[in-house]
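*Asks:* Following this message is one structure expressed as structure tokens.
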Amino acid sequence: MTRRLAQVAKKVGVSEATVSRVLNGRPGVSEATRQSVLTALDVLGYERPTQLRGERARLVGLVIPELQNPIFPAFAEVIGGALAQRGLTPVLCTQTKGGAAEADYVDLLLQQQVSGVVFAGGLFAEGTASHDHYHRLAERRIPVVFINASVEGLDFPCVACDDTVAVEQAWRHLASLGHQRIGLILGPMDHAPSRRKLDAARTAAKAAGTKLPEDFIERSIFSLEGGQAAATRLLQRGVTGIVCGSDPLALGAIRAARRRGLAVPRDLSVVGFDDSSFMTCTEPPLSTVRQPIETMGRAAVDLLCAQIQGAQNHPGELLFEPELVVRGSTAPPSAAAQGMSGVS
């Protein structure tokens with residue numbers, strides 16, 4: 001007990017006597033200090049006293065699928081900062097290969113009596129994945145916000161970039177440059193944002209008076225290596241432009257072109273999605289569709305805090321407008337590229 005008092009006091013920057021007053025429910029402690037002591041208990045892994053266990057911690061779970069794609073650390077930074085401004089402490093839960101699964105993190109967060117959870121990418125976007133852990137959160141009435149997809153049958157708010165507008169912008173850009181053989185690299189078939197992007201690409205192709213061939217559509221895991229493998233297959237079929245579902249996929253497409261002795265953008269134009277960190281530093285700098293990360297992250301925290309404060313209704317899915325950022329990876333197709341596309 002003495003060791004626990006000392007650790008909590010040190011964490012908060014108060015005396016052990018103050019911590020003792022909070023744990024025993026005695027007066028003479030400000031509400032801000034009281035909340036800080038309770039949060040420190042949760043962070044350090046100590047159980048709250050019985051009389052305080054009915055209260056939720058000032059902790060919020062922030063679950064992201066990986067750290068390799070720069071878009072997820074960017075979301076974590078924005079959301080973590082916005083939560084801190086509201087007096088909430090983010091608990092970052094990152095899935096790693098062979099590590100804790102998303103459902104395991106949910107169990108851990110429930111044990112810590114978190115005030116809410118933000119999911120910035122994850123199994124909720126995959127239609128065939130198990131969604132049982134999300135239903136557990138709903139049954140416990142834990143406030144939840146999803147980013148970039150929602151789960152059918154669960155009344156959780158969602159903040160999303162408008163995938164339809166994103167693909168329309170990328171497609172029109174390549175078409176305006178003269179590209180007619182445009183391919184797509186997307187995520188798995190059950191990935192909701194990828195499904196929306198595919199529907200938008202088919203609509204954009206139809207509006208341009210063409211049809212998107214099935215062999216111009218490639219599926220991949222979201223990685224540079226996946227993008228390279230998918231782009232290699234598309235190049236064999238004669239595409240001159242590729243729209244990708246993420247920036248790492250786009251970087252993989254550029255590497256695939258170079259491995260075949262082709263130049264970007266002379267022989268192949270590539271458009272990414274996200275405008276994540278360092279895309280201005282690639283060679284060539286990547287043309288991409290920018291997600292409004294700052295606006296989306298802050299909106300997610302606003303929606304979460306409204307639920308924490310007892311709001312019963314929410315706007316459902318909030319769609320945010322993306323922005324096409326044109327850099328050096330797109331250009332009109334060269335005569336040689338057009339010639340190659342005729343011999344696929």
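In the structure tokens, chains take letters A, B, ... by order of appearance, with residues numbered from 1 within each chain and ligands from 1 in the order shown.
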Would you pick out the contacts of Ser15 (chain A) at 12 Å or less, using only C-alpha atoms, so that residues sharing its chain but fewer than 5 positions from it are not included, and give the list as JSON, numbers by chain?
*Replies:* {"A": [5, 6, 7, 8, 9, 10, 20, 21, 22, 29, 33, 37]}
*Asks:* Any idea what's packed within 7 Å of Ile217 (chain A), counting only C-alpha atoms, ignoring anything in its chain fewer than 4 positions away? Could you give it as an NGL selection string?
*Replies:* :A and (183-185)
*Asks:* Could you turn the residues from that selection into a file that holds N, CA, C and O atoms, as a short mmCIF file (atom, residue, chain, number, x, y, z; two decimals), in the first residue's frame?
*Replies:*
data_model
loop_
_atom_site.label_atom_id
_atom_site.label_comp_id
_atom_site.auth_asym_id
_atom_site.auth_seq_id
_atom_site.Cartn_x
_atom_site.Cartn_y
_atom_site.Cartn_z
N GLY A 183 -5.29 1.69 -64.10
CA GLY A 183 -5.49 0.56 -63.20
C GLY A 183 -5.70 0.99 -61.76
O GLY A 183 -5.47 2.16 -61.40
N LEU A 184 -6.14 0.04 -60.95
CA LEU A 184 -6.42 0.30 -59.53
C LEU A 184 -5.68 -0.72 -58.66
O LEU A 184 -5.65 -1.91 -58.99
N ILE A 185 -5.10 -0.27 -57.56
CA ILE A 185 -4.57 -1.17 -56.53
C ILE A 185 -5.30 -0.84 -55.24
O ILE A 185 -5.16 0.27 -54.70
#
*Asks:* So that I can check the secondary structure, give me every residue of region 18-227 of chain A assigned strand (DSSP E or B) by backbone DSSP, as a ChimeraX atom specification.
*Replies:* /A:59-64,89-94,116-120,126,144-147,158-161,182-186,191,217-219
*Asks:* Between A:Val12, A:Ala250, A:Cys281, A:Val144, which residue has the minimum interatomic distance to Ser115 (chain A), considering only C-alpha atoms?
*Replies:*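 Among A:Val12, A:Ala250, A:Cys281, A:Val144, it is A:Val144 that comes nearest to Ser115 (chain A).
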*Asks:* According to DSSP computed on the backbone, where in region 32-259 of chain A is there alpha helix (DSSP H)? Give the residues as an MDAnalysis selection string.
*Replies:* chainID A and resid 32:44 71:85 102:111 132:139 163:176 192:207 224:236 247:259
*Asks:* Near region 257-260 of chain A, within 12 Å and counting only C-alpha atoms, which residues show up once chain neighbours fewer than 2 positions away are dropped, as a PyMOL selection string?
*Replies:* chain A and resi 227-236+238-242+250-255+262-270+283-284+329+337
*Asks:* Measure the distance from CA of Pro292 (chain A) to CA of Leu304 (chain A) in Å and round it to one decimal.
*Replies:*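 Result for CA of Pro292 (chain A) versus CA of Leu304 (chain A): 18.4 Å, one decimal.
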*Asks:* Using only C-alpha atoms, which residues sit within 8 Å of Glu102 (chain A) once same-chain residues fewer than 4 positions away are excluded, as a list of chain:residue names?
*Replies:*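 The neighbour list is A:Val63, A:Gln95, A:Val106, A:Gly122, A:Leu123.
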*Asks:* Please produce a file of the residues just selected, as a PDB file, in the first residue's frame, where the atoms kept are C-alpha atoms.
*Replies:*
ATOM      1  CA  VAL A  63      -6.547   1.480 -31.358  1.00  0.00           C
ATOM      2  CA  GLN A  95      -1.403  -4.321 -33.316  1.00  0.00           C
ATOM      3  CA  VAL A 106     -10.633  -4.318 -26.085  1.00  0.00           C
ATOM      4  CA  GLY A 122      -8.924  -2.035 -37.894  1.00  0.00           C
ATOM      5  CA  LEU A 123     -11.130  -5.084 -38.212  1.00  0.00           C
TER       6      LEU A 123
END
*Asks:* Quick one: distance from CA of Arg219 (chain A) to CA of Leu186 (chain A) in Å, one decimal?
*Replies:* 5.0 Å
*Asks:* Could you name the residues that touch region 305-319 of chain A at 10 Å or less, counting only C-alpha atoms, but leaving out those on the same chain fewer than 5 positions away, as a list in words?
*Replies:*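 Using only C-alpha atoms, the neighbours found are Arg56, Leu83, Arg86, Leu88, Ser115, Gly116, Arg141, Ile142, Pro143, Val144, Val145, Phe146, Ile147, Asn148, Ala149, Ser150, Asp155, Phe156, Pro157, Cys158, Val159, Ala160, Cys161, Asp162, Asp163, Met296, Ala299 and Ala300 of chain A.
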*Asks:* Please determine, counting only C-alpha atoms, which residue among A:Thr282, A:Asn24, A:Thr39, A:Asn69 has the shortest atom-to-atom distance to Leu249 (chain A).
*Replies:*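 Of A:Thr282, A:Asn24, A:Thr39, A:Asn69, the one nearest Leu249 (chain A), counting only C-alpha atoms, is A:Asn69.
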*Asks:* Tell me which protein, DNA and RNA residues are within 6 Å of Val117 (chain A), counting only C-alpha atoms, leaving out same-chain ones fewer than 5 positions away, and put them as JSON, numbers by chain.
*Replies:* {"A": [60, 61, 62, 144]}
*Asks:* Restricted to C-alpha atoms, what would the selected residues look like written as a JSON list (two decimals), in the first residue's frame?
*Replies:*
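Final file, again_3.json:
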[["chain", "number", "residue", "atom", "x", "y", "z"],
["A", 60, "VAL", "CA", -9.46, 6.66, -23.80],
["A", 61, "GLY", "CA", -8.28, 3.74, -25.89],
["A", 62, "LEU", "CA", -6.77, 4.64, -29.25],
["A", 144, "VAL", "CA", -16.84, 4.49, -29.47]]
*Asks:* Listing only residues of region 257-319 of chain A within 10 Å of region 164-180 of chain A, what is the closest atom pair and its distance in Å (to one decimal) for each, using only C-alpha atoms, sorted by chain and residue number ascending, as JSON lines?
*Replies:*
{"residue": "A:Leu268", "atom": "CA", "partner": "A:His179", "partner_atom": "CA", "distance": 9.7}
{"residue": "A:Ser269", "atom": "CA", "partner": "A:Leu174", "partner_atom": "CA", "distance": 7.7}
{"residue": "A:Val270", "atom": "CA", "partner": "A:Leu174", "partner_atom": "CA", "distance": 8.8}
{"residue": "A:Val271", "atom": "CA", "partner": "A:Ala170", "partner_atom": "CA", "distance": 6.6}
{"residue": "A:Gly272", "atom": "CA", "partner": "A:Ala170", "partner_atom": "CA", "distance": 8.6}
{"residue": "A:Phe273", "atom": "CA", "partner": "A:Ala166", "partner_atom": "CA", "distance": 8.0}
{"residue": "A:Asp274", "atom": "CA", "partner": "A:Ala166", "partner_atom": "CA", "distance": 9.7}
{"residue": "A:Ser287", "atom": "CA", "partner": "A:Ala170", "partner_atom": "CA", "distance": 9.0}
{"residue": "A:Thr288", "atom": "CA", "partner": "A:Ala170", "partner_atom": "CA", "distance": 7.7}
{"residue": "A:Val289", "atom": "CA", "partner": "A:Ala166", "partner_atom": "CA", "distance": 6.2}
{"residue": "A:Arg290", "atom": "CA", "partner": "A:Ala166", "partner_atom": "CA", "distance": 8.3}
{"residue": "A:Gln291", "atom": "CA", "partner": "A:Ala166", "partner_atom": "CA", "distance": 8.8}
*Asks:* With distances taken over only C-alpha atoms, which of A:Leu110, A:Ile293, A:Cys244, A:Leu212 is nearest to Ser276 (chain A)?
*Replies:* A:Ile293
*Asks:* Enter the distance from CA of Val118 (chain A) to CA of Asp42 (chain A), in Å, rounded to one decimal.
*Replies:*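 For CA of Val118 (chain A) relative to CA of Asp42 (chain A), the distance reads 18.1 Å.
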